[in-house]
Each structure stands twice: as structure tokens, then as C-alpha cells.
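This is data_17.cif (mmCIF, C-alpha atoms).
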data_work
#
loop_
_atom_site.label_atom_id
_atom_site.label_comp_id
_atom_site.auth_asym_id
_atom_site.auth_seq_id
_atom_site.Cartn_x
_atom_site.Cartn_y
_atom_site.Cartn_z
CA MET A 1 194.52 14.58 210.18
CA ASP A 2 194.40 17.73 208.05
CA LEU A 3 192.39 18.02 204.84
CA LYS A 4 195.46 17.82 202.59
CA THR A 5 196.61 14.54 204.20
CA ALA A 6 193.09 13.13 204.02
CA GLU A 7 192.97 13.95 200.30
CA ARG A 8 196.39 12.34 199.79
CA VAL A 9 195.27 9.16 201.61
CA GLY A 10 192.15 9.02 199.46
CA GLN A 11 194.13 9.54 196.26
CA VAL A 12 196.78 6.90 197.06
CA HIS A 13 194.10 4.44 198.21
CA ARG A 14 192.14 4.90 194.98
CA GLU A 15 195.17 4.74 192.67
CA MET A 16 196.74 1.72 194.35
CA GLY A 17 193.39 -0.09 194.49
CA GLU A 18 192.92 0.47 190.73
CA LEU A 19 196.49 -0.62 190.01
CA CYS A 20 196.18 -3.81 192.07
CA LEU A 21 192.86 -4.64 190.40
CA ALA A 22 194.48 -4.22 186.97
CA LEU A 23 197.40 -6.40 188.03
CA LYS A 24 195.30 -9.22 189.50
CA ARG A 25 194.83 -11.27 186.34
CA PRO A 26 198.47 -11.24 185.14
CA VAL A 27 199.68 -11.79 188.74
CA ASP A 28 197.47 -14.89 188.98
CA GLU A 29 198.66 -15.96 185.53
CA LEU A 30 202.27 -15.61 186.67
CA SER A 31 201.56 -17.93 189.57
CA VAL A 32 199.98 -20.51 187.23
CA GLN A 33 202.93 -20.27 184.82
CA LEU A 34 205.39 -20.79 187.67
CA GLY A 35 203.40 -23.83 188.79
CA ARG A 36 203.65 -25.28 185.26
CA LEU A 37 207.37 -24.48 185.12
CA SER A 38 208.01 -26.17 188.48
CA ALA A 39 206.11 -29.26 187.31
CA LYS A 40 208.16 -29.35 184.11
CA ALA A 41 211.36 -29.02 186.13
CA ILE A 42 210.36 -32.03 188.27
CA GLU A 43 209.45 -33.97 185.12
CA ASN A 44 212.86 -33.13 183.62
CA ARG A 45 214.63 -33.89 186.93
CA ALA A 46 216.10 -30.39 186.94
CA SER A 47 216.81 -30.56 190.68
CA ASP A 48 219.58 -27.94 190.40
CA ALA A 49 216.87 -25.40 189.62
CA ALA A 50 214.64 -26.26 192.61
CA ALA A 51 215.99 -23.56 194.95
CA ASP A 52 215.72 -20.83 192.31
CA LEU A 53 212.20 -21.92 191.35
CA ASP A 54 211.23 -21.84 195.03
CA ARG A 55 212.51 -18.25 195.24
CA MET A 56 210.53 -17.29 192.13
CA CYS A 57 207.37 -18.88 193.58
CA ALA A 58 207.93 -17.08 196.91
CA ALA A 59 208.28 -13.76 195.06
CA SER A 60 205.10 -14.47 193.09
CA THR A 61 203.21 -15.29 196.31
CA ARG A 62 204.46 -12.03 197.85
CA LEU A 63 203.06 -10.19 194.84
CA GLN A 64 199.69 -11.91 195.20
CA VAL A 65 199.53 -11.00 198.89
CA LEU A 66 200.41 -7.35 198.21
CA THR A 67 197.84 -6.91 195.46
CA ALA A 68 195.06 -8.89 197.17
CA ALA A 69 195.34 -6.71 200.29
CA LEU A 70 194.46 -3.59 198.31
CA ILE A 71 191.65 -4.88 196.10
CA GLY A 72 188.31 -3.76 197.51
CA SER A 73 189.83 -2.77 200.85
CA PRO A 74 188.07 0.08 202.68
CA GLU A 75 189.81 3.42 203.03
CA PRO A 76 191.78 3.43 206.32
CA ALA A 77 190.18 4.93 209.42
CA SER A 78 191.47 8.41 210.21
CA GLN A 79 193.52 7.26 213.25
CA GLU A 80 195.34 4.72 211.02
CA ALA A 81 195.59 6.91 207.93
CA LEU A 82 199.11 8.26 208.40
CA ALA A 83 200.61 4.83 209.10
CA TRP A 84 198.69 3.44 206.11
CA LEU A 85 199.98 6.21 203.86
CA ALA A 86 203.60 5.64 204.96
CA ALA A 87 203.23 1.92 204.20
CA HIS A 88 201.59 2.38 200.80
CA GLU A 89 203.18 5.45 199.22
CA HIS A 90 205.99 3.21 198.02
CA LEU A 91 203.78 0.33 196.94
CA ARG A 92 205.03 0.57 193.35
CA HIS A 93 208.56 -0.05 194.64
CA ASP A 94 207.30 -2.95 196.78
CA LEU A 95 205.51 -4.47 193.77
CA ARG A 96 208.56 -4.14 191.53
CA THR A 97 210.93 -5.87 193.96
CA PRO A 98 209.42 -9.40 193.70
CA LEU A 99 208.99 -8.93 189.95
CA ASN A 100 212.66 -8.05 189.60
CA ALA A 101 213.44 -11.28 191.46
CA VAL A 102 211.18 -13.36 189.18
CA LYS A 103 212.72 -11.80 186.08
CA GLY A 104 216.31 -12.05 187.32
CA TYR A 105 216.07 -15.69 188.44
CA GLY A 106 214.24 -16.47 185.20
CA GLU A 107 217.11 -15.05 183.16
CA LEU A 108 219.60 -16.91 185.37
CA LEU A 109 217.82 -20.23 184.70
CA MET A 110 217.60 -19.38 181.00
CA GLU A 111 221.41 -19.12 180.96
CA ASP A 112 221.63 -22.49 182.80
CA TRP A 113 219.32 -24.27 180.43
CA GLN A 114 220.15 -22.78 177.06
CA ASP A 115 223.01 -25.20 176.36
CA GLY A 116 221.11 -28.30 177.44
CA ASP A 117 218.13 -30.25 176.21
CA ALA A 118 215.47 -28.27 178.04
CA THR A 119 213.33 -26.83 175.23
CA SER A 120 209.99 -27.26 177.00
CA MET A 121 211.25 -25.69 180.23
CA ILE A 122 212.76 -22.75 178.33
CA ALA A 123 209.42 -22.15 176.58
CA GLU A 124 207.65 -22.01 179.98
CA LEU A 125 210.40 -19.81 181.37
CA ARG A 126 210.07 -17.34 178.48
CA GLN A 127 206.37 -16.97 179.31
CA VAL A 128 207.17 -16.32 182.97
CA VAL A 129 209.74 -13.63 182.10
CA ALA A 130 207.36 -12.08 179.55
CA THR A 131 204.58 -11.89 182.16
CA ALA A 132 206.98 -10.30 184.68
CA ASP A 133 207.98 -7.75 182.01
CA GLN A 134 204.32 -7.02 181.25
CA LEU A 135 203.57 -6.47 184.96
CA LEU A 136 206.57 -4.15 185.35
CA LEU A 137 205.32 -2.09 182.41
CA MET A 138 201.81 -1.94 183.87
CA ILE A 139 203.17 -0.71 187.21
CA ASP A 140 205.22 2.02 185.48
CA ASP A 141 202.41 3.05 183.13
CA HIS A 142 199.53 3.13 185.63
CA ARG A 143 199.61 6.74 186.85
CA MET B 144 237.83 -7.22 188.94
CA LYS B 145 236.48 -7.09 192.49
CA ILE B 146 233.01 -5.59 192.89
CA LEU B 147 231.31 -4.69 196.16
CA LEU B 148 227.54 -5.20 195.85
CA VAL B 149 225.58 -3.29 198.50
CA GLU B 150 222.00 -4.61 198.44
CA ASP B 151 219.57 -5.34 201.27
CA ASN B 152 217.17 -7.62 199.38
CA GLU B 153 218.41 -11.19 199.77
CA MET B 154 217.01 -12.41 196.45
CA ASN B 155 218.36 -9.49 194.44
CA ARG B 156 221.74 -9.89 196.11
CA ASP B 157 221.91 -13.62 195.41
CA MET B 158 220.70 -13.29 191.83
CA LEU B 159 222.90 -10.38 190.75
CA SER B 160 226.05 -11.67 192.46
CA ARG B 161 225.68 -15.07 190.75
CA ARG B 162 225.19 -13.49 187.35
CA LEU B 163 228.26 -11.29 187.81
CA VAL B 164 230.40 -14.20 189.04
CA ARG B 165 229.41 -16.13 185.91
CA LYS B 166 230.72 -13.24 183.86
CA GLY B 167 234.09 -13.49 185.60
CA TYR B 168 233.83 -10.82 188.31
CA GLU B 169 234.74 -11.35 191.94
CA VAL B 170 231.82 -10.20 194.09
CA VAL B 171 231.78 -9.31 197.78
CA MET B 172 228.56 -8.23 199.44
CA ALA B 173 227.21 -5.86 202.07
CA VAL B 174 223.60 -5.87 203.28
CA ASP B 175 223.19 -2.23 204.31
CA GLY B 176 224.79 1.17 203.79
CA GLY B 177 226.81 1.05 207.01
CA GLU B 178 228.37 -2.27 206.10
CA GLY B 179 228.92 -0.97 202.57
CA VAL B 180 230.94 1.98 203.89
CA LEU B 181 233.04 -0.33 206.11
CA MET B 182 233.64 -2.82 203.30
CA SER B 183 234.62 -0.11 200.84
CA VAL B 184 237.76 0.10 203.01
CA SER B 185 238.22 -3.47 204.30
CA ALA B 186 237.45 -5.33 201.05
CA ALA B 187 239.24 -2.84 198.77
CA PRO B 188 236.80 -3.24 195.85
CA GLU B 189 237.60 -1.83 192.42
CA LEU B 190 233.97 -0.81 191.86
CA ILE B 191 230.81 -0.54 193.98
CA LEU B 192 227.24 -1.34 192.95
CA MET B 193 225.12 0.60 195.43
CA ASP B 194 221.40 0.04 195.91
CA MET B 195 220.06 3.43 197.00
CA SER B 196 217.12 2.28 199.16
CA LEU B 197 219.00 0.69 202.05
CA PRO B 198 218.46 0.31 205.78
CA VAL B 199 220.76 1.77 208.49
CA ILE B 200 222.43 4.27 206.14
CA ASP B 201 220.78 4.74 202.74
CA GLY B 202 222.71 4.49 199.50
CA TRP B 203 222.91 8.25 198.99
CA GLU B 204 224.52 8.82 202.39
CA ALA B 205 226.80 5.76 202.05
CA THR B 206 227.96 7.12 198.67
CA ARG B 207 228.63 10.55 200.17
CA ARG B 208 230.73 8.95 202.95
CA ILE B 209 232.71 6.73 200.56
CA LYS B 210 233.36 9.63 198.18
CA GLY B 211 234.24 11.87 201.13
CA ALA B 212 236.98 9.60 202.46
CA PRO B 213 240.45 10.01 200.92
CA GLU B 214 241.13 6.24 200.94
CA THR B 215 237.93 5.33 199.06
CA ARG B 216 236.98 8.36 196.96
CA HIS B 217 238.68 6.90 193.86
CA ILE B 218 236.36 3.83 193.79
CA PRO B 219 233.74 4.17 191.03
CA ILE B 220 230.16 3.78 192.28
CA ILE B 221 227.14 2.77 190.19
CA GLY B 222 223.89 3.65 191.96
CA LEU B 223 220.97 1.22 191.53
CA THR B 224 217.31 1.84 192.28
CA ALA B 225 214.00 0.18 191.55
CA HIS B 226 212.53 3.59 190.76
CA ALA B 227 212.48 4.69 187.16
CA MET B 228 211.57 8.17 188.27
CA ALA B 229 212.74 11.49 186.92
CA GLY B 230 215.24 13.05 189.29
CA ASP B 231 216.64 9.78 190.69
CA ARG B 232 219.59 9.85 188.31
CA GLU B 233 220.44 13.46 189.24
CA LYS B 234 220.06 12.66 192.94
CA ALA B 235 222.46 9.70 192.66
CA LEU B 236 225.01 11.70 190.67
CA GLU B 237 224.77 14.57 193.17
CA ALA B 238 225.56 12.15 196.02
CA GLY B 239 228.73 11.19 194.15
CA CYS B 240 227.74 8.17 192.05
CA ASP B 241 229.77 7.92 188.84
CA GLU B 242 226.92 6.14 187.05
CA TYR B 243 223.34 5.12 187.64
CA ASP B 244 221.16 2.22 186.56
CA THR B 245 217.62 1.09 187.24
CA LYS B 246 216.16 -2.26 188.20
CA PRO B 247 215.19 -4.63 186.74
CA ILE B 248 218.82 -5.07 185.84
CA GLU B 249 219.59 -5.60 182.19
CA LEU B 250 222.84 -7.44 182.67
CA GLU B 251 224.52 -6.49 179.40
CA ARG B 252 223.70 -2.81 179.94
CA LEU B 253 225.06 -2.95 183.50
CA ILE B 254 228.22 -4.74 182.39
CA GLY B 255 228.75 -2.03 179.77
CA LYS B 256 228.66 0.57 182.55
CA ILE B 257 230.95 -1.50 184.80
CA GLU B 258 233.50 -1.91 182.02
CA ALA B 259 233.38 1.79 181.14
CA LEU B 260 234.35 2.53 184.76
CA ARG B 261 236.94 -0.26 185.09
CA PRO B 262 240.02 1.28 186.67
CA ARG B 263 242.87 1.56 184.19
CA ALA B 264 246.14 -0.19 185.06
CA PRO B 265 248.92 2.31 185.79
CA GLY B 266 250.48 3.33 182.51
CA GLY B 267 247.67 1.56 180.60
#
Representation of the structure as C-alpha cells:
Amino acid sequence: MDLKTAERVGQVHREMGELCLALKRPVDELSVQLGRLSAKAIENRASDAAADLDRMCAASTRLQVLTAALIGSPEPASQEALAWLAAHEHLRHDLRTPLNAVKGYGELLMEDWQDGDATSMIAELRQVVATADQLLLMIDDHR
Amino acid sequence: MKILLVEDNEMNRDMLSRRLVRKGYEVVMAVDGGEGVLMSVSAAPELILMDMSLPVIDGWEATRRIKGAPETRHIPIIGLTAHAMAGDREKALEAGCDEYDTKPIELERLIGKIEALRPRAPGG
């Protein structure tokens, strides 16, 4: 590995580690909010929403896995550095994808529920979408 | 209006197609650029929403092929990416996209772009 590549690996590792550390708290909060929303949906017998809530929870879990893997991880060994760099240079894109899913399904459910009697679920849903928006901004702003 | 949505991510495909169907559009889907190119002919869409980061053939190349074929070059294409990076818009337009939008999708903004590109009826 040449010096330039080694510097690039070090830079990406540092930046992505800092970003994931900054994201940890709101990512965990998103997971908690989705748990509350799912519980409310069961309470309100909103079984039509179960599949979409499952997808949102799966996306949130994916986000937790991605961020947790980077926090405090050692810099990759030189023989693994190029593969590591290829996998992580687009981490911002990989982090945005599950967030786009959470936000999109959230807005879809909002449309489903807005004409019904689902005030408490809509309040939880708004929080989920707001947290997803906040995380998307953090990913864009953290340079 | 029939829209071809070319998107590899299952969740994004499901979510966006359902939201567009609710708004009255007919949506057909392709999961990679190669299938998108084939369906631009076989499904005869009136507009294409093209994710640019796609497997097999990426969205830029799929757009170039669709715009390079006499039977499909008239179909408007809106390029979609999850990158909000400078240069992406120019890159998509250079490949032949008529418009460009970024994810997360703001549905009303996207619909505004779709309607602006809606093919006019002959004589209309």
C-alpha cells in the first residue's frame, strides 16, 4: 500500500468513526421511538401497518449495525486496507439508504393515518420522521 | 400516466411505487439498469424514474442506452440519487436525464418534476 492510500484509509477511518460516534445517540433514540410506535400500533390494533413498521425497524437495526461497527474499531491492517476503503468510502450513502426508508415509510403511514382516529400514533410517527431528518442532516453536515 | 421505476433497493422501490400509485400513477418496476433498459421498450412507459447507483448496468449507462435508442429516446428520464453532492446533477444531465432529484424523496417536489415532463397529447 502506498503512502497516499495509507493516508486516505486513515482519513476515512477517522472521519467515519467520528461521524458514527456522533450519530450513535440519535440512532439509538430512533430505535426506541420505533419501539414505542410499534407498541402503540399494537394497542390501536393497526395491523395494516405491521409490515411497514417491520420494514422501518429493520432499517433502523441496519443503521445501528453500520454505526456500531465503526465506533472504536481499530484502523484496518495494511493487507485489508484497500478492501476496507472500498467498503467504507460510500458509508454516507449506506447510512442514508435506511434513513430514507424510515422517512418514506413514516410519511406513507402518516398519509394512512391522517384521516382516522390515530392521534397518538401520528405524534409518535412525527418524532420518528423528525429524528430521521435530523440524522440525514448530520450525515450531510459532518465533513 | 405509466412510470417505470428503476430502483435496486427493495424498500425504496416498494415505498415510492406505493406513494405514486396513491397519487394516481401506474407504476412498473425494474430492479437493475439492464432490466430498466429492456423495460423501457417492453413496458412502453411515459416517464422513467432512474436510480443512478444500480447493479449490472448503472443508471448513467442505462440512461445513455435508453436515450441512444430511437424507439426510447423520447421518454423523459428523472435521475435519482442518494448523494446530495455537487456535480451529480451535471453528471445525470450529461448522461441524458431530463431532470434530477435527490433522496430522500420529497413527494410533492418529485410530482412537480414528473408533471412538468408529462408528455403532451398530440395537438394538446
Chain B contacts to chain A at 10 Å (only C-alpha atoms) as a PyMOL selection string: chain B and resi 152-159+161-162+165+196+224-228+246-250
Evaluate the PyMOL selection byres ((chain A and resi 34) around 10) and report residues as a PyMOL selection string: chain A and resi 28-33+35-40+53-54+56-57+60+102+124-125+127-128
Coordinates-based distance that separates CA of Ala259 in chain B from CA of Ile200 in chain B (Å, one decimal):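 A separation of 27.4 Å between them.
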Residue contacts of Leu82 in chain A (10 Å, all atoms listed in the file) excluding same-chain residues fewer than 6 positions away, as a list in words: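 Everything that qualifies: Met1, Thr5, Ala6, Arg8, Val9, Pro76 and His88 of chain A.
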Between CA of Ser160 in chain B and CA of Leu63 in chain A, distance in Å (one decimal):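 Answer for the CA of Ser160 in chain B to CA of Leu63 in chain A separation: 23.2 Å.
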Length of the CA of Ala118 in chain A to CA of Ala132 in chain A vector [Å]: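 So the answer is 21.0 Å.
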Explicit residues for the PyMOL selection byres ((chain B and resi 145) around 9) (as a list in words):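 Output of the PyMOL selection byres ((chain B and resi 145) around 9): Met144, Ile146, Leu147, Tyr168, Glu169, Val170, Val171, Ala186, Ala187, Pro188, Glu189, Leu190 and Ile191 of chain B.
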Within 10 Å of Pro219 in chain B using all atoms listed in the file, minus same-chain residues under 2 positions, as a PyMOL selection string: chain B and resi 146+188-192+209-210+215-217+221-222+239-242+257+260-262
Selection result for the PyMOL selection byres ((chain B and resi 202) around 9) on this file, as number ranges by chain: B: 149, 175-176, 179, 193-198, 200-201, 203-207, 222-223, 235, 238
9 Å contact set for Ser73 in chain A, only C-alpha atoms, chain neighbours under 5 positions out, as number ranges by chain: A: 13, 17, 68
Counting only C-alpha atoms, the option among A:Ala58, A:Ala41, A:Leu70, A:Ala49 closest to Met16 in chain A: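 Under the stated criterion, the closest residue is A:Leu70.
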Residues within 10 Å of Ala22 in chain A, all atoms listed in the file, excluding chain neighbours under 5 positions, as an MDAnalysis selection string: chainID A and resid 16:17 27 67 71 135 138:139 142
B:Asp151, B:Lys234, B:Leu253, B:Arg263 ranked by distance to Lys166 in chain B, top pick (using all atoms listed in the file): B:Leu253
